[in-house]
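Below you'll find the structure, written out as structure tokens, and then a few comments.
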Amino acid sequence: MIPAKFKTGDRVKVSKAYPVGHVRTPPEHVRTPYYIRGQVGEVERLCGNFPNPEKLAEMLSGLPALPLYRVRFRQNEVWPDYRGSDSDLLEVEIFQHWLEKP
Amino acid sequence: MSGRGPHDMGGLPAGKVERTEHDYADWERRVDALAVLLWGIKGAKKLMTVDELRKNIEALPPDAYEKMSYYERWVKSLSDTLIQRGVISAEELERKMADVEKRDSR
Amino acid sequence: MKDQGNYRPLSYFQLMEISLRELLVEKGIVTDAQVDAEVEDMRRRGPERGARVVAKAWTDPDYKKRLLSNGTVACEELGLDIPALKLVVVENTPEVHNAIVCTLCSCYPRMLLGIPPDWYKSRNYRSRMVREPRAVLAEFGLVIGKEIQVRVHDSTADMRYLVLPMRPRGTEGWSEDRLAGLVTRDSMIGVALPDSPGKTA
């Protein structure tokens, strides 16, 4: 099992492109939405460790299981034209290998 | 393709949400049932993952993704997945579909 | 297993469903009985199961704590079978309104609430709910004041989400069953509030 690098309250940045260091071609199936890549948020909690969906989609085991976090973003930082309240939030589940220190 | 597939639509401009709620047709419920069984979460033998289902839906050309209904995408993806897994062959499926069509039109 | 009613030629994808199923039965992978049983199983999963959970949380503060801490275990406590469901329950308060979406596909707590409605899976909901939730909620008839925080949850991975709505006013002393009758599917997705006492007889 891969150890958790981040904890609740940590500021994290979502990688823009597929994390550098991936050996082969980037995976077809990823669960990090396009709209949140490059954004900076805060870890709300560690959800636990789960098999990597990118590998599961390739008929592999997805193990060792990766830490999965709920990351909280401010809406007015994610969308330049956001028209709600300044306090509005967006929470997205993101796997550890998509997160880096800002 | 870790760019932006046809499914990766969060934040894109779109129209008013139409609160349609159709009562699912029997064939749609059976597609759903087949997927759940093949995922192995209800005791049947696990033959695929939901991740493969998603991957094959995401691999549909954008215009196909748009035109197909939800369970049409699912049944196409289930077929593609089972072919990839070697559980069925593309030829078998094609033959069977031709047979079923013949039967149905009698 | 042909659909009842007037004859219409089967569509390409209906042919595919029949063919796929017949091939899998011929190969001994599934049986028709299993498919039928699974269809029935999904039919019996509906919002009333989530409503029971909400009503209990409204009447039992300790249960509510457990529910917010581990949604899956708390549902199982009530005898609800929810295979493979990893449930996170998010609580509406006077300061925070929660809403759920799956932008990438249609992730939904199906094993608790059943199959999600069409609109939840639609392009328009999935695209706009993360970007302009208040406008989408207004289309559903729900206007949230600017002093209340709107918190949108995009179910992108293994967790599934349920909104715990606020208990409506005027329900003091109500039984759990009666309270459950006010809890709608849409209030557990976060696009509506539960029914108020005036609505029901």
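Residues in the structure tokens are numbered from 1 in each chain, the chains being A, B, ... in the order shown, and ligands are numbered from 1 in the order shown.
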* Asked: Can you list, as a PyMOL selection string, every protein, DNA or RNA residue that comes within 12 Å of Ile36 of chain A when you count only C-alpha atoms, leaving out same-chain residues fewer than 2 positions away?
  -> (chain A and resi 12-17+31-34+38-41+71-75+77-79+90-94+98-99) or (chain B and resi 4+8-11) or (chain C and resi 103+130-131+154+156)
File dump, residues just selected, C-alpha atoms, as a CSV table (one decimal), in the first residue's frame:
```csv
chain,number,residue,atom,x,y,z
A,12,VAL,CA,-2.2,20.8,-3.0
A,13,LYS,CA,-2.0,21.5,-6.7
A,14,VAL,CA,-3.6,19.2,-9.3
A,15,SER,CA,-1.2,18.3,-12.0
A,16,LYS,CA,-1.9,19.9,-15.4
A,17,ALA,CA,-0.9,17.1,-17.6
A,31,ARG,CA,-10.7,10.2,-13.3
A,32,THR,CA,-9.2,13.7,-12.8
A,33,PRO,CA,-11.6,16.0,-14.6
A,34,TYR,CA,-10.1,18.4,-17.1
A,38,GLY,CA,-3.8,23.0,-12.6
A,39,GLN,CA,-6.0,24.2,-9.8
A,40,VAL,CA,-4.9,24.7,-6.2
A,41,GLY,CA,-7.0,23.4,-3.3
A,71,VAL,CA,-9.8,18.1,-2.2
A,72,ARG,CA,-11.7,21.3,-1.6
A,73,PHE,CA,-11.5,24.3,-4.0
A,74,ARG,CA,-12.9,27.8,-3.9
A,75,GLN,CA,-15.3,28.3,-6.8
A,77,GLU,CA,-10.6,30.6,-7.9
A,78,VAL,CA,-11.6,27.7,-10.2
A,79,TRP,CA,-13.8,29.8,-12.5
A,90,LEU,CA,-16.2,22.6,-4.9
A,91,GLU,CA,-15.0,19.2,-3.6
A,92,VAL,CA,-13.4,16.6,-5.9
A,93,GLU,CA,-11.9,13.2,-5.3
A,94,ILE,CA,-8.4,13.1,-6.6
A,98,TRP,CA,-2.2,13.7,-9.6
A,99,LEU,CA,-1.4,16.0,-6.6
B,4,ARG,CA,-10.4,15.9,-22.7
B,8,ASP,CA,-15.2,15.1,-19.5
B,9,MET,CA,-17.7,17.9,-19.6
B,10,GLY,CA,-17.5,19.6,-16.2
B,11,GLY,CA,-17.5,23.3,-16.7
C,103,THR,CA,-19.3,15.3,-14.2
C,130,VAL,CA,-19.8,22.4,-11.0
C,131,ARG,CA,-19.6,25.8,-12.7
C,154,ASP,CA,-18.1,15.9,-7.9
C,156,THR,CA,-15.0,11.4,-9.5
```
* To do: Mind checking which residues fall within 10 Å of Pro116 of chain C, counting only C-alpha atoms, ignoring those fewer than 4 positions away in the same chain, and posting them as a list in words?
  =>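 Final neighbour list, sorted by chain and number: Glu21 of chain B; Gly46, Pro47, Ser106, Cys107, Tyr108, Pro109, Arg110, Tyr120, Lys121, Arg185 and Ile189 of chain C.
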Give me a file of those residues, with N, CA, C and O atoms, as a tab-separated table (two decimals), in the first residue's frame.
```tsv
chain	number	residue	atom	x	y	z
B	21	GLU	N	-37.48	12.31	-16.92
B	21	GLU	CA	-37.36	11.09	-16.14
B	21	GLU	C	-38.14	10.01	-16.85
B	21	GLU	O	-39.32	9.86	-16.59
C	46	GLY	N	-34.83	2.09	-3.93
C	46	GLY	CA	-35.39	3.39	-4.28
C	46	GLY	C	-35.15	4.40	-3.18
C	46	GLY	O	-34.61	4.07	-2.12
C	47	PRO	N	-35.54	5.65	-3.45
C	47	PRO	CA	-35.27	6.75	-2.50
C	47	PRO	C	-35.83	6.52	-1.10
C	47	PRO	O	-35.30	7.10	-0.14
C	106	SER	N	-21.93	9.16	-14.20
C	106	SER	CA	-23.23	9.22	-13.53
C	106	SER	C	-23.16	8.57	-12.16
C	106	SER	O	-24.15	8.02	-11.70
C	107	CYS	N	-21.99	8.63	-11.51
C	107	CYS	CA	-21.84	7.99	-10.21
C	107	CYS	C	-22.89	8.49	-9.24
C	107	CYS	O	-23.13	9.71	-9.14
C	108	TYR	N	-23.46	7.59	-8.53
C	108	TYR	CA	-24.67	7.87	-7.72
C	108	TYR	C	-24.74	6.73	-6.73
C	108	TYR	O	-24.33	5.62	-7.03
C	109	PRO	N	-25.29	6.97	-5.52
C	109	PRO	CA	-25.38	5.86	-4.55
C	109	PRO	C	-26.49	4.88	-4.93
C	109	PRO	O	-27.49	4.72	-4.22
C	110	ARG	N	-26.31	4.19	-6.04
C	110	ARG	CA	-27.35	3.34	-6.63
C	110	ARG	C	-27.81	2.22	-5.71
C	110	ARG	O	-28.99	1.89	-5.68
C	120	TYR	N	-29.88	13.71	-14.11
C	120	TYR	CA	-28.62	13.62	-13.37
C	120	TYR	C	-27.48	13.18	-14.28
C	120	TYR	O	-26.33	13.53	-14.07
C	121	LYS	N	-27.83	12.41	-15.32
C	121	LYS	CA	-26.84	11.88	-16.26
C	121	LYS	C	-26.71	12.77	-17.49
C	121	LYS	O	-25.93	12.46	-18.39
C	185	ARG	N	-36.13	12.14	-3.15
C	185	ARG	CA	-34.86	11.79	-3.80
C	185	ARG	C	-34.07	13.07	-4.12
C	185	ARG	O	-32.87	13.16	-3.87
C	189	ILE	N	-30.10	14.49	-3.29
C	189	ILE	CA	-29.11	14.84	-4.31
C	189	ILE	C	-28.67	16.30	-4.08
C	189	ILE	O	-27.57	16.71	-4.44
```
* Find the residues of chain C in contact range of chain B, meaning any atom within 9 Å when counting only C-alpha atoms, and list them as JSON, numbers by chain. => {"C": [1, 2, 3, 9, 10, 12, 13, 14, 15, 16, 17, 18, 19, 20, 21, 22, 23, 24, 27, 29, 30, 34, 35, 36, 37, 38, 39, 41, 42, 43, 83, 84, 102, 103, 104, 105, 117, 118, 119, 120, 121, 122, 123, 124, 125, 126, 127, 128, 129, 130, 131, 132, 136, 139, 140]}
* To do: For chain C, list the residues within 9 Å of chain A, counting only C-alpha atoms, and write the list as a ChimeraX atom specification.
  => /C:96,103-104,130-135,145-159
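Here atom CA of Val183 of chain C stands at a distance of 15.8 Å from atom CA of Thr93 of chain C.
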* **All strand (DSSP E or B) residues (DSSP, backbone) inside chain A, as a VMD selection string** => chain A and resid 11 to 14 40 to 50 66 to 74 89 to 95 99 to 100
* Any idea what the distance is between atom CA of Lys101 of chain A and atom CA of Thr8 of chain A? ->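 We find that atom CA of Lys101 of chain A and atom CA of Thr8 of chain A lie 13.6 Å from each other.
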* Select from chain B everything DSSP, run on the backbone, classes as alpha helix (DSSP H), then give the selection as a PyMOL selection string. => chain B and resi 26-38+50-58+62-67+70-84+90-104
* Selection: 10 Å around Thr171 of chain C, only C-alpha atoms, excl. self and same-chain fewer than 5 positions, as a ChimeraX atom specification -> /C:178-179,182,196-197
Dump of N, CA and C atoms for the selected residues, as an mmCIF file, in the first residue's frame:
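See result06.cif below for the written result:
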```
data_model
loop_
_atom_site.group_PDB
_atom_site.id
_atom_site.type_symbol
_atom_site.label_atom_id
_atom_site.label_comp_id
_atom_site.auth_asym_id
_atom_site.auth_seq_id
_atom_site.Cartn_x
_atom_site.Cartn_y
_atom_site.Cartn_z
ATOM 1 N N ARG C 178 -43.151 9.003 9.597
ATOM 2 C CA ARG C 178 -43.822 10.204 9.093
ATOM 3 C C ARG C 178 -42.786 11.170 8.513
ATOM 4 N N LEU C 179 -41.666 11.295 9.188
ATOM 5 C CA LEU C 179 -40.589 12.165 8.704
ATOM 6 C C LEU C 179 -40.036 11.653 7.381
ATOM 7 N N LEU C 182 -41.365 12.862 4.142
ATOM 8 C CA LEU C 182 -41.059 14.204 3.637
ATOM 9 C C LEU C 182 -39.778 14.230 2.807
ATOM 10 N N SER C 196 -42.336 20.089 3.001
ATOM 11 C CA SER C 196 -42.666 20.668 4.312
ATOM 12 C C SER C 196 -43.978 20.062 4.793
ATOM 13 N N PRO C 197 -44.239 20.142 6.099
ATOM 14 C CA PRO C 197 -45.414 19.472 6.666
ATOM 15 C C PRO C 197 -46.717 19.863 5.987
#
```
* Between A:His29, A:Arg45, A:Lys5, A:Arg11, which has the minimum distance to chain B (counting only C-alpha atoms)? ->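 Residue with the minimum atom-to-atom distance to chain B: A:His29.
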Name all residues at most 12 Å from Lys65 of chain C (count only C-alpha atoms; drop same-chain ones fewer than 6 positions away) and give them as a PDB file with all heavy atoms, in the first residue's frame.
```
ATOM      1  N   LYS C  56     -33.973   8.829  10.447  1.00  0.00           N
ATOM      2  CA  LYS C  56     -33.331   8.377  11.680  1.00  0.00           C
ATOM      3  C   LYS C  56     -32.303   9.402  12.162  1.00  0.00           C
ATOM      4  O   LYS C  56     -32.227   9.691  13.361  1.00  0.00           O
ATOM      5  CB  LYS C  56     -32.660   7.013  11.489  1.00  0.00           C
ATOM      6  CG  LYS C  56     -32.048   6.522  12.800  1.00  0.00           C
ATOM      7  CD  LYS C  56     -32.018   5.019  12.906  1.00  0.00           C
ATOM      8  CE  LYS C  56     -31.348   4.607  14.187  1.00  0.00           C
ATOM      9  NZ  LYS C  56     -32.277   4.452  15.308  1.00  0.00           N
ATOM     10  N   ALA C  57     -31.558   9.965  11.222  1.00  0.00           N
ATOM     11  CA  ALA C  57     -30.564  10.977  11.606  1.00  0.00           C
ATOM     12  C   ALA C  57     -31.241  12.208  12.209  1.00  0.00           C
ATOM     13  O   ALA C  57     -30.694  12.869  13.097  1.00  0.00           O
ATOM     14  CB  ALA C  57     -29.721  11.367  10.397  1.00  0.00           C
ATOM     15  N   TRP C  58     -32.443  12.492  11.700  1.00  0.00           N
ATOM     16  CA  TRP C  58     -33.171  13.662  12.234  1.00  0.00           C
ATOM     17  C   TRP C  58     -33.636  13.445  13.672  1.00  0.00           C
ATOM     18  O   TRP C  58     -33.784  14.401  14.432  1.00  0.00           O
ATOM     19  CB  TRP C  58     -34.396  13.959  11.359  1.00  0.00           C
ATOM     20  CG  TRP C  58     -34.079  14.665  10.082  1.00  0.00           C
ATOM     21  CD1 TRP C  58     -32.909  15.253   9.722  1.00  0.00           C
ATOM     22  CD2 TRP C  58     -34.978  14.839   8.979  1.00  0.00           C
ATOM     23  NE1 TRP C  58     -33.012  15.796   8.463  1.00  0.00           N
ATOM     24  CE2 TRP C  58     -34.270  15.561   7.978  1.00  0.00           C
ATOM     25  CE3 TRP C  58     -36.313  14.489   8.729  1.00  0.00           C
ATOM     26  CZ2 TRP C  58     -34.845  15.919   6.759  1.00  0.00           C
ATOM     27  CZ3 TRP C  58     -36.882  14.849   7.517  1.00  0.00           C
ATOM     28  CH2 TRP C  58     -36.150  15.554   6.544  1.00  0.00           C
ATOM     29  N   THR C  59     -33.890  12.208  14.049  1.00  0.00           N
ATOM     30  CA  THR C  59     -34.473  11.948  15.369  1.00  0.00           C
ATOM     31  C   THR C  59     -33.454  11.448  16.379  1.00  0.00           C
ATOM     32  O   THR C  59     -33.734  11.434  17.570  1.00  0.00           O
ATOM     33  CB  THR C  59     -35.602  10.903  15.266  1.00  0.00           C
ATOM     34  OG1 THR C  59     -35.093   9.744  14.598  1.00  0.00           O
ATOM     35  CG2 THR C  59     -36.787  11.448  14.473  1.00  0.00           C
ATOM     36  N   GLY C  71     -20.825   6.675   6.419  1.00  0.00           N
ATOM     37  CA  GLY C  71     -22.152   6.491   5.834  1.00  0.00           C
ATOM     38  C   GLY C  71     -22.499   5.039   5.581  1.00  0.00           C
ATOM     39  O   GLY C  71     -23.630   4.606   5.796  1.00  0.00           O
ATOM     40  N   VAL C  73     -21.353   2.181   7.047  1.00  0.00           N
ATOM     41  CA  VAL C  73     -21.626   1.409   8.258  1.00  0.00           C
ATOM     42  C   VAL C  73     -22.966   1.816   8.870  1.00  0.00           C
ATOM     43  O   VAL C  73     -23.738   0.971   9.333  1.00  0.00           O
ATOM     44  CB  VAL C  73     -20.460   1.596   9.267  1.00  0.00           C
ATOM     45  CG1 VAL C  73     -20.819   1.026  10.624  1.00  0.00           C
ATOM     46  CG2 VAL C  73     -19.197   0.933   8.732  1.00  0.00           C
ATOM     47  N   ALA C  74     -23.261   3.095   8.855  1.00  0.00           N
ATOM     48  CA  ALA C  74     -24.518   3.571   9.439  1.00  0.00           C
ATOM     49  C   ALA C  74     -25.731   3.048   8.671  1.00  0.00           C
ATOM     50  O   ALA C  74     -26.757   2.727   9.263  1.00  0.00           O
ATOM     51  CB  ALA C  74     -24.527   5.095   9.496  1.00  0.00           C
ATOM     52  N   VAL C  89     -21.795  10.950   3.705  1.00  0.00           N
ATOM     53  CA  VAL C  89     -23.003  11.749   3.897  1.00  0.00           C
ATOM     54  C   VAL C  89     -22.584  13.166   4.247  1.00  0.00           C
ATOM     55  O   VAL C  89     -21.742  13.366   5.122  1.00  0.00           O
ATOM     56  CB  VAL C  89     -23.883  11.144   5.010  1.00  0.00           C
ATOM     57  CG1 VAL C  89     -25.137  11.986   5.208  1.00  0.00           C
ATOM     58  CG2 VAL C  89     -24.261   9.704   4.651  1.00  0.00           C
ATOM     59  N   VAL C  90     -23.139  14.128   3.507  1.00  0.00           N
ATOM     60  CA  VAL C  90     -22.795  15.535   3.751  1.00  0.00           C
ATOM     61  C   VAL C  90     -24.042  16.258   4.249  1.00  0.00           C
ATOM     62  O   VAL C  90     -25.134  16.091   3.709  1.00  0.00           O
ATOM     63  CB  VAL C  90     -22.209  16.199   2.487  1.00  0.00           C
ATOM     64  CG1 VAL C  90     -20.833  15.612   2.198  1.00  0.00           C
ATOM     65  CG2 VAL C  90     -23.116  16.044   1.279  1.00  0.00           C
ATOM     66  N   GLU C  91     -23.832  17.058   5.290  1.00  0.00           N
ATOM     67  CA  GLU C  91     -24.959  17.617   6.032  1.00  0.00           C
ATOM     68  C   GLU C  91     -25.269  19.047   5.617  1.00  0.00           C
ATOM     69  O   GLU C  91     -24.377  19.906   5.603  1.00  0.00           O
ATOM     70  CB  GLU C  91     -24.577  17.584   7.514  1.00  0.00           C
ATOM     71  CG  GLU C  91     -25.623  18.131   8.438  1.00  0.00           C
ATOM     72  CD  GLU C  91     -25.110  18.318   9.860  1.00  0.00           C
ATOM     73  OE1 GLU C  91     -23.881  18.288  10.071  1.00  0.00           O
ATOM     74  OE2 GLU C  91     -25.961  18.522  10.740  1.00  0.00           O
ATOM     75  N   LEU C 164     -27.633  15.015   3.495  1.00  0.00           N
ATOM     76  CA  LEU C 164     -28.537  14.947   4.641  1.00  0.00           C
ATOM     77  C   LEU C 164     -29.206  16.315   4.739  1.00  0.00           C
ATOM     78  O   LEU C 164     -28.585  17.283   5.182  1.00  0.00           O
ATOM     79  CB  LEU C 164     -27.746  14.629   5.919  1.00  0.00           C
ATOM     80  CG  LEU C 164     -28.511  14.670   7.248  1.00  0.00           C
ATOM     81  CD1 LEU C 164     -29.662  13.679   7.251  1.00  0.00           C
ATOM     82  CD2 LEU C 164     -27.571  14.383   8.418  1.00  0.00           C
TER      83      LEU C 164
END
```
* Structure fact -> Shortest contact to chain A, candidates B:Arg85, B:Asp63, B:Lys102, B:Gly43, atoms counted only C-alpha atoms, goes to B:Arg85
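One finds atom CA of Lys7 of chain A at 6.4 Å from atom CA of Val43 of chain A.
Using only C-alpha atoms, the nearest neighbour of chain A within the list B:Pro62, B:Gly40, B:Met48, B:Arg106 is B:Met48.
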* To do: Considering only C-alpha atoms, state which residue in the set A:Gly9, A:Met1, A:Leu46, A:Glu54 is at the smallest distance from chain B.
  =>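 For chain B, the nearest of the given residues is A:Glu54.
Distance annotation: of B:Ala59, B:Ser89, B:Trp39, B:Lys67, the residue with the minimal separation from chain A is B:Ala59; atom set is only C-alpha atoms.
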